[in-house]
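Participant: The structure that follows is given in the form of structure tokens.
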Amino acid sequence: MNFWKHLKTINHHKMLVMKGCFKVGLYKQGLLHDLSKYMPSEFLVGVKYYRGDMSPNNLERKEKGYSSAWLHHKGRNKHHLEYWIDYGVGDGESPMVGMRMPDKYVVEMFIDRMSASKNYQKEKYTDRSALEYYEKGKAHHILHPEVRELLERLLHMLADEGEEVTMDYIRREVLHNKKQERQRLFSVHGK
């Protein structure tokens, strides 16, 4: 029955993301990742369109022209780039632009993409899988330039140097340096 298969798939994905988040010190995000997938508005769609080798949202989108589950999901999960799309405010800016995501959500987005590739590709997964999937849709992503740069740097690092090196880099450089920078700013301003 698709109910149990879909539940197993989202549980497995959630565990992969949780382990990845824990490796880099994002404990709260690891625990709370994708909880909306268990809500009826997302879960029941997942059961109906379950196939096991791709997101049920893609199948719902093909059938209906949109995915109600995805529209619900992206508005509740800050690790999705679509959560951060808003109207531009500058002169000459396109109407919709990608806002600057906090690095912790860019990292969760990276881990989410890596974990989804592992979940759906199973034994065919390689460290290049997440980058290859990203490259297929890259032209359509609305991302802040700094977010794009960081996400692509992490995806390329994963593809070229592997998961352990990339996760270590995230923990030491991407997240740790931000914490030190915040501490320095607070001590300079006396806060």
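Chain labels run A, B, ... following the order of the structure tokens; each chain numbers its residues from 1, and ligands are numbered from 1 in the order shown.
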Please report, as a Markdown table, each residue of region 37-106 of chain A lying at most 9 Å from region 138-149 of chain A, together with the nearest pair of atoms and the separation in Å rounded to one decimal; use only C-alpha atoms, and order rows by chain and ascending residue number.
Facilitator:
| residue | atom | partner | partner_atom | distance |
| --- | --- | --- | --- | --- |
| A:Leu81 | CA | A:Leu143 | CA | 6.7 |
| A:Glu82 | CA | A:Ile142 | CA | 7.6 |
| A:Trp84 | CA | A:Leu143 | CA | 8.3 |
| A:Ile85 | CA | A:Ile142 | CA | 7.1 |
| A:Met96 | CA | A:Ile142 | CA | 8.0 |
| A:Val97 | CA | A:Ile142 | CA | 6.2 |
| A:Gly98 | CA | A:Leu143 | CA | 4.3 |
| A:Met99 | CA | A:His144 | CA | 5.4 |
| A:Arg100 | CA | A:His144 | CA | 5.5 |
| A:Met101 | CA | A:Val147 | CA | 6.5 |
| A:Pro102 | CA | A:Val147 | CA | 8.6 |
| A:Asp103 | CA | A:Val147 | CA | 7.9 |
| A:Val106 | CA | A:Val147 | CA | 6.8 |
Participant: Mind listing the strand (DSSP E) residues of chain A, per DSSP on the backbone, as a PyMOL selection string?
Facilitator: chain A and resi 85-87+96-98
Participant: Can I get the selection written as an mmCIF file, in the first residue's frame, with all heavy atoms?
Facilitator:
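The new file out-v7.cif reads:
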data_model
loop_
_atom_site.group_PDB
_atom_site.id
_atom_site.type_symbol
_atom_site.label_atom_id
_atom_site.label_comp_id
_atom_site.auth_asym_id
_atom_site.auth_seq_id
_atom_site.Cartn_x
_atom_site.Cartn_y
_atom_site.Cartn_z
ATOM 1 N N ILE A 85 11.430 33.967 -2.062
ATOM 2 C CA ILE A 85 11.158 34.787 -3.237
ATOM 3 C C ILE A 85 10.137 35.854 -2.858
ATOM 4 O O ILE A 85 9.103 35.565 -2.258
ATOM 5 C CB ILE A 85 10.651 33.919 -4.407
ATOM 6 C CG1 ILE A 85 11.753 32.953 -4.846
ATOM 7 C CG2 ILE A 85 10.200 34.800 -5.570
ATOM 8 C CD1 ILE A 85 11.315 31.927 -5.871
ATOM 9 N N ASP A 86 10.472 37.085 -3.215
ATOM 10 C CA ASP A 86 9.600 38.208 -2.865
ATOM 11 C C ASP A 86 9.709 39.263 -3.968
ATOM 12 O O ASP A 86 10.525 39.138 -4.883
ATOM 13 C CB ASP A 86 10.022 38.790 -1.509
ATOM 14 C CG ASP A 86 8.910 39.571 -0.822
ATOM 15 O OD1 ASP A 86 7.849 39.817 -1.444
ATOM 16 O OD2 ASP A 86 9.106 39.949 0.350
ATOM 17 N N TYR A 87 8.915 40.312 -3.841
ATOM 18 C CA TYR A 87 8.987 41.414 -4.788
ATOM 19 C C TYR A 87 10.283 42.181 -4.586
ATOM 20 O O TYR A 87 10.679 42.451 -3.456
ATOM 21 C CB TYR A 87 7.795 42.364 -4.606
ATOM 22 C CG TYR A 87 6.482 41.738 -4.990
ATOM 23 C CD1 TYR A 87 5.611 41.259 -4.024
ATOM 24 C CD2 TYR A 87 6.134 41.607 -6.334
ATOM 25 C CE1 TYR A 87 4.414 40.669 -4.387
ATOM 26 C CE2 TYR A 87 4.940 41.016 -6.703
ATOM 27 C CZ TYR A 87 4.086 40.549 -5.721
ATOM 28 O OH TYR A 87 2.913 39.960 -6.089
ATOM 29 N N MET A 96 10.099 39.785 -9.242
ATOM 30 C CA MET A 96 10.310 38.769 -8.210
ATOM 31 C C MET A 96 11.799 38.451 -8.133
ATOM 32 O O MET A 96 12.445 38.196 -9.154
ATOM 33 C CB MET A 96 9.528 37.497 -8.533
ATOM 34 C CG MET A 96 8.019 37.716 -8.679
ATOM 35 S SD MET A 96 7.237 38.331 -7.184
ATOM 36 C CE MET A 96 7.105 36.844 -6.246
ATOM 37 N N VAL A 97 12.336 38.481 -6.921
ATOM 38 C CA VAL A 97 13.763 38.224 -6.724
ATOM 39 C C VAL A 97 13.957 37.278 -5.547
ATOM 40 O O VAL A 97 13.089 37.148 -4.679
ATOM 41 C CB VAL A 97 14.555 39.534 -6.478
ATOM 42 C CG1 VAL A 97 14.481 40.450 -7.697
ATOM 43 C CG2 VAL A 97 14.070 40.255 -5.239
ATOM 44 N N GLY A 98 15.108 36.656 -5.516
ATOM 45 C CA GLY A 98 15.484 35.815 -4.388
ATOM 46 C C GLY A 98 16.076 36.675 -3.287
ATOM 47 O O GLY A 98 16.977 37.474 -3.534
#
Participant: Rank A:Tyr133, A:Phe110, A:Tyr125, A:Tyr169 by their smallest atom-to-atom distance to Val17 (chain A), using only C-alpha atoms, and report the top residue only.
Facilitator: A:Phe110
Participant: Might you pull out every residue within 12 Å of Lys8 (chain A), with only C-alpha atoms counted and same-chain residues fewer than 2 positions away left off, and present them as a compact mmCIF listing (two decimals) with N, CA, C and O atoms, in the first residue's frame?
Facilitator:
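The result, written out as out-v9.txt:
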# COMPACT_ATOMS: atom_id res chain seq x y z
N MET A 1 0.84 -1.19 0.00
CA MET A 1 0.00 0.00 0.00
C MET A 1 0.88 1.24 0.00
O MET A 1 1.88 1.33 0.70
N ASN A 2 0.49 2.25 -0.78
CA ASN A 2 1.27 3.48 -0.91
C ASN A 2 1.42 4.23 0.41
O ASN A 2 2.40 4.94 0.61
N PHE A 3 0.45 4.10 1.31
CA PHE A 3 0.52 4.79 2.60
C PHE A 3 1.83 4.45 3.31
O PHE A 3 2.58 5.33 3.71
N TRP A 4 2.11 3.18 3.46
CA TRP A 4 3.30 2.74 4.19
C TRP A 4 4.57 3.02 3.41
O TRP A 4 5.60 3.40 3.99
N LYS A 5 4.52 2.88 2.09
CA LYS A 5 5.71 3.15 1.28
C LYS A 5 6.07 4.64 1.33
O LYS A 5 7.24 5.00 1.45
N HIS A 6 5.05 5.50 1.23
CA HIS A 6 5.31 6.94 1.30
C HIS A 6 5.83 7.32 2.69
O HIS A 6 6.79 8.09 2.81
N ILE A 10 9.42 9.23 3.35
CA ILE A 10 9.64 10.53 4.00
C ILE A 10 10.36 10.37 5.33
O ILE A 10 11.17 11.23 5.70
N ASN A 11 10.13 9.27 6.04
CA ASN A 11 10.89 9.02 7.28
C ASN A 11 12.37 8.84 6.98
O ASN A 11 13.23 9.36 7.70
N HIS A 12 12.66 8.08 5.93
CA HIS A 12 14.07 7.85 5.55
C HIS A 12 14.73 9.16 5.16
O HIS A 12 15.85 9.45 5.59
N HIS A 13 14.04 9.96 4.36
CA HIS A 13 14.58 11.27 3.97
C HIS A 13 14.82 12.14 5.20
O HIS A 13 15.88 12.76 5.34
N LYS A 14 13.85 12.18 6.08
CA LYS A 14 13.98 13.01 7.29
C LYS A 14 15.18 12.56 8.12
O LYS A 14 15.92 13.39 8.64
N MET A 15 15.39 11.25 8.22
CA MET A 15 16.54 10.74 8.99
C MET A 15 17.86 11.12 8.32
O MET A 15 18.83 11.47 9.00
N TYR A 38 4.08 15.62 7.12
CA TYR A 38 3.20 14.71 7.86
C TYR A 38 1.78 15.28 8.00
O TYR A 38 0.89 14.59 8.49
N PHE A 43 0.74 14.97 3.15
CA PHE A 43 0.93 13.53 3.25
C PHE A 43 -0.02 12.77 2.33
O PHE A 43 0.39 11.83 1.63
N GLY A 46 1.05 12.87 -1.16
CA GLY A 46 2.19 11.98 -1.31
C GLY A 46 1.79 10.53 -1.45
O GLY A 46 2.37 9.78 -2.24
N VAL A 47 0.79 10.11 -0.71
CA VAL A 47 0.29 8.74 -0.80
C VAL A 47 -0.35 8.51 -2.17
O VAL A 47 -0.07 7.51 -2.84
N TYR A 50 2.44 8.55 -4.96
CA TYR A 50 3.68 7.85 -4.63
C TYR A 50 4.16 6.97 -5.79
O TYR A 50 3.37 6.24 -6.39
N GLY A 52 8.05 6.30 -5.59
CA GLY A 52 9.25 5.79 -4.95
C GLY A 52 10.56 6.25 -5.55
O GLY A 52 11.60 6.18 -4.90
N ASN A 119 17.89 9.36 -1.29
CA ASN A 119 16.62 8.71 -1.04
C ASN A 119 16.00 8.16 -2.32
O ASN A 119 15.50 7.03 -2.34
Participant: Please identify all polymer residues within 9 Å of Ser36 (chain A), counting only C-alpha atoms, omitting same-chain residues fewer than 4 positions from it, and present them as a ChimeraX atom specification.
Facilitator: /A:40-43,72-73,76-77
Participant: Which residues are near Ala159 (chain A)? Cut-off 10 Å, only C-alpha atoms, ignore same chain within fewer than 4 positions. Put them as a list in words.
Facilitator: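 Close residues of Ala159 (chain A): Thr126, Asp127, Arg128, Ser129, Ala130, Leu131, Glu132, Arg153, Leu154, Leu155, Glu163 and Thr166 of chain A.
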Participant: Give me, please, the distance in Å between CA of Tyr83 (chain A) and CA of Leu150 (chain A), quoted to one decimal.
Facilitator: 17.2 Å
Participant: Which of these residues is nearest to Leu31 (chain A), using only C-alpha atoms: A:Glu60, A:Gly90, A:Lys136, A:Glu108?
Facilitator: A:Glu108
Participant: If you run DSSP over the backbone, which residues in region 88-120 of chain A end up alpha helix (DSSP H)? Put them as a ChimeraX atom specification.
Facilitator: /A:103-120
Participant: Please compute the CA of Lys118 (chain A)-CA of Gly65 (chain A) distance, one decimal, in Å.
Facilitator: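 Going from CA of Lys118 (chain A) over to CA of Gly65 (chain A) covers 27.0 Å.
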Participant: Which is closer to Lys19 (chain A) than all the others in A:Met114, A:Met157, A:Leu71, A:Val89, using only C-alpha atoms?
Facilitator: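 With only C-alpha atoms as the atom set, the closest residue is A:Met114.
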